[in-house]
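Source file: work.csv. Holds: CSV, C-alpha atoms.
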```csv
chain,number,residue,atom,x,y,z
A,1,MET,CA,116.9,89.2,109.7
A,2,VAL,CA,120.5,89.9,108.7
A,3,ARG,CA,121.1,89.9,105.0
A,4,ARG,CA,123.5,87.4,103.6
A,5,GLU,CA,125.9,88.3,100.8
A,6,SER,CA,123.9,86.1,98.4
A,7,GLU,CA,120.6,87.8,99.2
A,8,THR,CA,119.5,90.6,96.9
A,9,MET,CA,117.5,93.5,98.3
A,10,ASN,CA,114.1,93.8,96.6
A,11,ILE,CA,112.8,97.3,96.2
A,12,VAL,CA,109.5,98.4,94.8
A,13,ILE,CA,109.2,102.1,93.8
A,14,GLY,CA,105.8,103.7,93.2
A,15,TYR,CA,105.5,107.3,92.0
A,16,GLU,CA,103.0,109.8,91.0
A,17,SER,CA,104.0,112.9,89.1
A,18,TYR,CA,102.1,115.7,87.5
A,19,HIS,CA,105.0,117.7,86.1
A,20,GLY,CA,107.7,115.0,86.0
A,21,ASN,CA,109.5,116.1,89.2
A,22,THR,CA,108.8,113.2,91.4
A,23,ARG,CA,109.0,110.7,88.6
A,24,THR,CA,112.6,112.0,87.9
A,25,MET,CA,113.5,111.6,91.5
A,26,ALA,CA,112.0,108.1,91.7
A,27,TYR,CA,114.0,107.0,88.7
A,28,ALA,CA,117.2,108.4,90.2
A,29,ILE,CA,116.6,106.4,93.4
A,30,GLU,CA,115.9,103.3,91.2
A,31,ARG,CA,119.1,103.8,89.3
A,32,GLY,CA,121.2,104.1,92.5
A,33,ALA,CA,119.6,101.0,94.0
A,34,ARG,CA,119.9,98.9,90.8
A,35,GLU,CA,123.6,99.9,90.3
A,36,ALA,CA,124.2,98.9,93.9
A,37,GLY,CA,122.9,95.4,93.2
A,38,ALA,CA,119.2,95.6,94.2
A,39,GLU,CA,116.4,94.0,92.3
A,40,THR,CA,114.0,96.9,91.5
A,41,VAL,CA,110.5,97.4,90.2
A,42,ILE,CA,109.5,101.0,89.4
A,43,ARG,CA,106.0,101.9,88.3
A,44,ASN,CA,103.4,104.6,88.5
A,45,ILE,CA,101.8,104.0,91.9
A,46,ARG,CA,98.5,103.0,90.2
A,47,GLN,CA,100.3,100.0,88.6
A,48,ILE,CA,102.0,98.6,91.7
A,49,LYS,CA,100.8,95.1,92.3
A,50,PRO,CA,100.2,93.6,95.8
A,51,SER,CA,102.5,90.7,94.9
A,52,GLU,CA,105.3,93.2,94.2
A,53,VAL,CA,104.8,94.8,97.6
A,54,LYS,CA,104.6,91.5,99.3
A,55,LYS,CA,108.0,90.4,97.8
A,56,ALA,CA,109.7,93.8,98.5
A,57,ASP,CA,112.0,94.4,101.4
A,58,VAL,CA,111.7,98.1,100.8
A,59,VAL,CA,108.8,100.2,99.5
A,60,VAL,CA,109.7,103.7,98.1
A,61,ILE,CA,106.9,106.1,97.4
A,62,ALA,CA,107.6,109.3,95.4
A,63,THR,CA,104.7,111.7,95.9
A,64,PRO,CA,104.0,115.4,95.1
A,65,THR,CA,101.9,117.4,97.5
A,66,TYR,CA,98.6,118.4,95.9
A,67,HIS,CA,96.3,120.7,97.9
A,68,GLU,CA,98.1,119.9,101.1
A,69,LYS,CA,97.9,116.1,100.7
A,70,PRO,CA,99.0,113.2,98.6
A,71,PRO,CA,97.4,113.0,95.2
A,72,SER,CA,94.4,110.7,94.8
A,73,SER,CA,96.5,107.9,93.4
A,74,VAL,CA,98.8,107.8,96.5
A,75,ARG,CA,95.7,107.9,98.7
A,76,TYR,CA,94.2,105.1,96.7
A,77,PHE,CA,97.4,103.0,97.2
A,78,MET,CA,97.2,103.7,101.0
A,79,LYS,CA,93.5,102.6,101.0
A,80,ASN,CA,94.2,99.4,99.1
A,81,PHE,CA,97.0,98.5,101.5
A,82,ASP,CA,95.2,99.6,104.6
A,83,ASN,CA,95.1,96.0,105.9
A,84,PHE,CA,98.6,95.1,104.8
A,85,ASP,CA,101.2,94.2,107.4
A,86,PHE,CA,104.3,96.3,106.7
A,87,SER,CA,106.0,95.3,109.9
A,88,ASN,CA,108.7,93.4,107.9
A,89,LYS,CA,109.2,96.2,105.4
A,90,THR,CA,111.2,99.4,105.3
A,91,ALA,CA,109.7,102.5,103.7
A,92,PHE,CA,111.2,105.6,102.2
A,93,ILE,CA,109.4,108.7,101.0
A,94,VAL,CA,110.6,111.2,98.5
A,95,GLY,CA,108.7,114.1,96.9
A,96,SER,CA,108.5,117.5,95.4
A,97,TYR,CA,106.3,120.3,96.5
A,98,GLU,CA,105.5,123.9,96.0
A,99,PHE,CA,104.5,125.0,99.5
A,100,LEU,CA,104.9,122.8,102.5
A,101,GLY,CA,105.2,119.2,101.3
A,102,GLU,CA,102.5,117.7,103.6
A,103,ALA,CA,102.1,114.7,101.4
A,104,MET,CA,105.4,113.2,102.4
A,105,ASP,CA,104.6,113.5,106.1
A,106,GLN,CA,101.1,111.9,105.6
A,107,THR,CA,102.6,109.1,103.6
A,108,MET,CA,105.3,108.4,106.3
A,109,ASP,CA,102.5,108.4,108.9
A,110,PHE,CA,100.7,105.8,106.9
A,111,PHE,CA,103.7,103.4,106.8
A,112,ARG,CA,104.5,104.0,110.4
A,113,SER,CA,100.9,103.1,111.4
A,114,LYS,CA,101.2,99.8,109.4
A,115,GLY,CA,104.4,98.8,111.2
A,116,ALA,CA,107.0,99.7,108.6
A,117,THR,CA,110.4,101.1,109.5
A,118,VAL,CA,110.4,104.5,107.9
A,119,LEU,CA,113.8,105.9,106.9
A,120,VAL,CA,114.2,109.5,107.8
A,121,PRO,CA,114.6,112.2,106.7
A,122,PRO,CA,112.7,112.0,103.4
A,123,ILE,CA,114.1,113.7,100.4
A,124,ARG,CA,112.1,116.9,99.9
A,125,VAL,CA,112.6,119.1,96.9
A,126,LYS,CA,110.8,122.3,96.3
A,127,GLY,CA,109.8,122.4,92.6
A,128,LYS,CA,112.1,120.9,90.0
A,129,PRO,CA,114.9,118.8,91.3
A,130,SER,CA,118.4,120.1,90.6
A,131,LYS,CA,121.3,118.0,89.5
A,132,ALA,CA,122.5,117.9,93.1
A,133,ASP,CA,119.0,116.7,94.2
A,134,LEU,CA,119.0,113.9,91.7
A,135,GLU,CA,122.5,112.9,92.8
A,136,SER,CA,121.2,112.8,96.4
A,137,CYS,CA,118.3,110.5,95.2
A,138,GLN,CA,120.7,108.2,93.4
A,139,LYS,CA,123.0,108.0,96.5
A,140,LYS,CA,120.0,107.3,98.7
A,141,GLY,CA,119.0,104.5,96.3
A,142,ALA,CA,122.4,102.9,96.7
A,143,GLU,CA,122.2,103.2,100.5
A,144,ILE,CA,118.8,101.6,100.5
A,145,ALA,CA,120.1,98.7,98.4
A,146,THR,CA,122.7,97.9,101.0
A,147,LEU,CA,120.4,97.9,104.0
A,148,GLN,CA,120.1,94.8,106.2
A,149,HIS,CA,117.0,92.7,105.7
A,150,LYS,CA,114.5,93.0,108.5
```

Structure encoded using structure tokens:
Amino acid sequence: MVRRESETMNIVIGYESYHGNTRTMAYAIERGAREAGAETVIRNIRQIKPSEVKKADVVVIATPTYHEKPPSSVRYFMKNFDNFDFSNKTAFIVGSYEFLGEAMDQTMDFFRSKGATVLVPPIRVKGKPSKADLESCQKKGAEIATLQHK
């Protein structure tokens, strides 16, 4: 579907953050998307409602890597949406990590397996995001806000 000028991109952003790094990145993406005209919902991933995902054109997940995988809250989200059809959705993954960042790859694989169009590359930040990292997140949010509807 081609987006008409009058249609607003709906973006839901779920994050998990142990030290505030991925939360900060998620909020930078949200700011960029909102300032570019998108309707946004941002919540801790445990608080994302199925109705919000159903309404969204784009789902953004901000996840740290914890013991080589997504944290339990992100895995719980994936389990809860295991039967959801994401074929009309776009997904974007962002995250912080200390070693390899496997959680982002696993989360992208989940969305691909459910039919979503996954935007690549994800934004990966080792440790605490810098000012430049947050500017990249905000810019990506603006880019996502101007995508064409599926």

Residue neighbourhood Asp82 in chain A, 10 Å, only C-alpha atoms, exclusion window fewer than 2 positions, as a PDB file with C-alpha atoms, in the frame of the given file:
```
ATOM      1  CA  TYR A  76      94.200 105.100  96.700  1.00  0.00           C
ATOM      2  CA  PHE A  77      97.400 103.000  97.200  1.00  0.00           C
ATOM      3  CA  MET A  78      97.200 103.700 101.000  1.00  0.00           C
ATOM      4  CA  LYS A  79      93.500 102.600 101.000  1.00  0.00           C
ATOM      5  CA  ASN A  80      94.200  99.400  99.100  1.00  0.00           C
ATOM      6  CA  PHE A  84      98.600  95.100 104.800  1.00  0.00           C
ATOM      7  CA  ASP A  85     101.200  94.200 107.400  1.00  0.00           C
ATOM      8  CA  PHE A  86     104.300  96.300 106.700  1.00  0.00           C
ATOM      9  CA  PHE A 110     100.700 105.800 106.900  1.00  0.00           C
ATOM     10  CA  PHE A 111     103.700 103.400 106.800  1.00  0.00           C
ATOM     11  CA  SER A 113     100.900 103.100 111.400  1.00  0.00           C
ATOM     12  CA  LYS A 114     101.200  99.800 109.400  1.00  0.00           C
TER      13      LYS A 114
END
```

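In this comparison, which uses all atoms listed in the file, the residue of A:Ser72, A:Asn44, A:Ser17, A:Ser96 approaching Asp133 in chain A most closely is A:Ser96.
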
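You will find CA of Thr117 in chain A at 29.2 Å from CA of His19 in chain A.
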
Wanna dump the range 94-150 of chain A-range 62-70 of chain A contacts at 12 Å for me, each residue with its shortest atom pair and the distance in Å to one decimal, counting all atoms listed in the file, ordered by chain and number, as JSON lines?
```
{"residue": "A:Val94", "atom": "CA", "partner": "A:Ala62", "partner_atom": "CA", "distance": 4.7}
{"residue": "A:Gly95", "atom": "CA", "partner": "A:Thr63", "partner_atom": "CA", "distance": 4.8}
{"residue": "A:Ser96", "atom": "CA", "partner": "A:Pro64", "partner_atom": "CA", "distance": 5.0}
{"residue": "A:Tyr97", "atom": "CA", "partner": "A:Thr65", "partner_atom": "CA", "distance": 5.4}
{"residue": "A:Glu98", "atom": "CA", "partner": "A:Thr65", "partner_atom": "CA", "distance": 7.6}
{"residue": "A:Phe99", "atom": "CA", "partner": "A:Thr65", "partner_atom": "CA", "distance": 8.3}
{"residue": "A:Leu100", "atom": "CA", "partner": "A:Glu68", "partner_atom": "CA", "distance": 7.5}
{"residue": "A:Gly101", "atom": "CA", "partner": "A:Thr65", "partner_atom": "CA", "distance": 5.3}
{"residue": "A:Glu102", "atom": "CA", "partner": "A:Glu68", "partner_atom": "CA", "distance": 5.5}
{"residue": "A:Ala103", "atom": "CA", "partner": "A:Pro70", "partner_atom": "CA", "distance": 4.4}
{"residue": "A:Met104", "atom": "CA", "partner": "A:Thr63", "partner_atom": "CA", "distance": 6.7}
{"residue": "A:Asp105", "atom": "CA", "partner": "A:Lys69", "partner_atom": "CA", "distance": 9.0}
{"residue": "A:Gln106", "atom": "CA", "partner": "A:Lys69", "partner_atom": "CA", "distance": 7.2}
{"residue": "A:Thr107", "atom": "CA", "partner": "A:Pro70", "partner_atom": "CA", "distance": 7.4}
{"residue": "A:Met108", "atom": "CA", "partner": "A:Thr63", "partner_atom": "CA", "distance": 10.9}
{"residue": "A:Asp109", "atom": "CA", "partner": "A:Pro70", "partner_atom": "CA", "distance": 11.9}
{"residue": "A:Phe110", "atom": "CA", "partner": "A:Pro70", "partner_atom": "CA", "distance": 11.2}
{"residue": "A:Pro122", "atom": "CA", "partner": "A:Ala62", "partner_atom": "CA", "distance": 9.9}
{"residue": "A:Ile123", "atom": "CA", "partner": "A:Ala62", "partner_atom": "CA", "distance": 9.3}
{"residue": "A:Arg124", "atom": "CA", "partner": "A:Pro64", "partner_atom": "CA", "distance": 9.5}
{"residue": "A:Val125", "atom": "CA", "partner": "A:Pro64", "partner_atom": "CA", "distance": 9.5}
{"residue": "A:Lys126", "atom": "CA", "partner": "A:Pro64", "partner_atom": "CA", "distance": 9.8}
{"residue": "A:Gly127", "atom": "CA", "partner": "A:Pro64", "partner_atom": "CA", "distance": 9.4}
{"residue": "A:Lys128", "atom": "CA", "partner": "A:Pro64", "partner_atom": "CA", "distance": 11.0}
{"residue": "A:Cys137", "atom": "CA", "partner": "A:Ala62", "partner_atom": "CA", "distance": 10.8}
```

I'd like to know which of A:Val120, A:Ile45, A:Ala36, A:Val58 is closest to Val12 in chain A, using only C-alpha atoms. A:Val58

Between CA of Phe81 in chain A and CA of Gln47 in chain A, what is the spacing in Å? 13.4 Å

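Reported to one decimal place, the separation of CA of Met9 in chain A from CA of Asn21 in chain A is 25.6 Å.
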
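Proximity ranking of A:Leu147, A:Val53, A:Val41, A:Val59 relative to Ile93 in chain A places A:Val59 first, based on only C-alpha atoms.
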
Closest of A:Ile48, A:Val60, A:Ala116, A:Ala145 to Thr22 in chain A, counting all atoms listed in the file, is A:Val60

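Nearest residue to Lys140 in chain A, choosing from A:Lys54, A:Arg112, A:Arg31, A:Arg46 and counting all atoms listed in the file: A:Arg31.
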
Taking (121.9, 100.4, 97.2) as a centre in this file's frame and 10 Å as the limit, can you find every polymer residue with an atom that close, using only C-alpha atoms, and give them as an mmCIF file with C-alpha atoms, keeping the file's coordinate frame?
```cif
data_model
loop_
_atom_site.group_PDB
_atom_site.id
_atom_site.type_symbol
_atom_site.label_atom_id
_atom_site.label_comp_id
_atom_site.auth_asym_id
_atom_site.auth_seq_id
_atom_site.Cartn_x
_atom_site.Cartn_y
_atom_site.Cartn_z
ATOM 1 C CA MET A 9 117.500 93.500 98.300
ATOM 2 C CA ILE A 11 112.800 97.300 96.200
ATOM 3 C CA ILE A 29 116.600 106.400 93.400
ATOM 4 C CA GLU A 30 115.900 103.300 91.200
ATOM 5 C CA ARG A 31 119.100 103.800 89.300
ATOM 6 C CA GLY A 32 121.200 104.100 92.500
ATOM 7 C CA ALA A 33 119.600 101.000 94.000
ATOM 8 C CA ARG A 34 119.900 98.900 90.800
ATOM 9 C CA GLU A 35 123.600 99.900 90.300
ATOM 10 C CA ALA A 36 124.200 98.900 93.900
ATOM 11 C CA GLY A 37 122.900 95.400 93.200
ATOM 12 C CA ALA A 38 119.200 95.600 94.200
ATOM 13 C CA GLU A 39 116.400 94.000 92.300
ATOM 14 C CA GLN A 138 120.700 108.200 93.400
ATOM 15 C CA LYS A 139 123.000 108.000 96.500
ATOM 16 C CA LYS A 140 120.000 107.300 98.700
ATOM 17 C CA GLY A 141 119.000 104.500 96.300
ATOM 18 C CA ALA A 142 122.400 102.900 96.700
ATOM 19 C CA GLU A 143 122.200 103.200 100.500
ATOM 20 C CA ILE A 144 118.800 101.600 100.500
ATOM 21 C CA ALA A 145 120.100 98.700 98.400
ATOM 22 C CA THR A 146 122.700 97.900 101.000
ATOM 23 C CA LEU A 147 120.400 97.900 104.000
#
```

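Minimum atom-to-atom distance to Pro71 in chain A, evaluated using all atoms listed in the file, belongs to A:Tyr18 out of A:Ala28, A:Arg43, A:Glu52, A:Tyr18.
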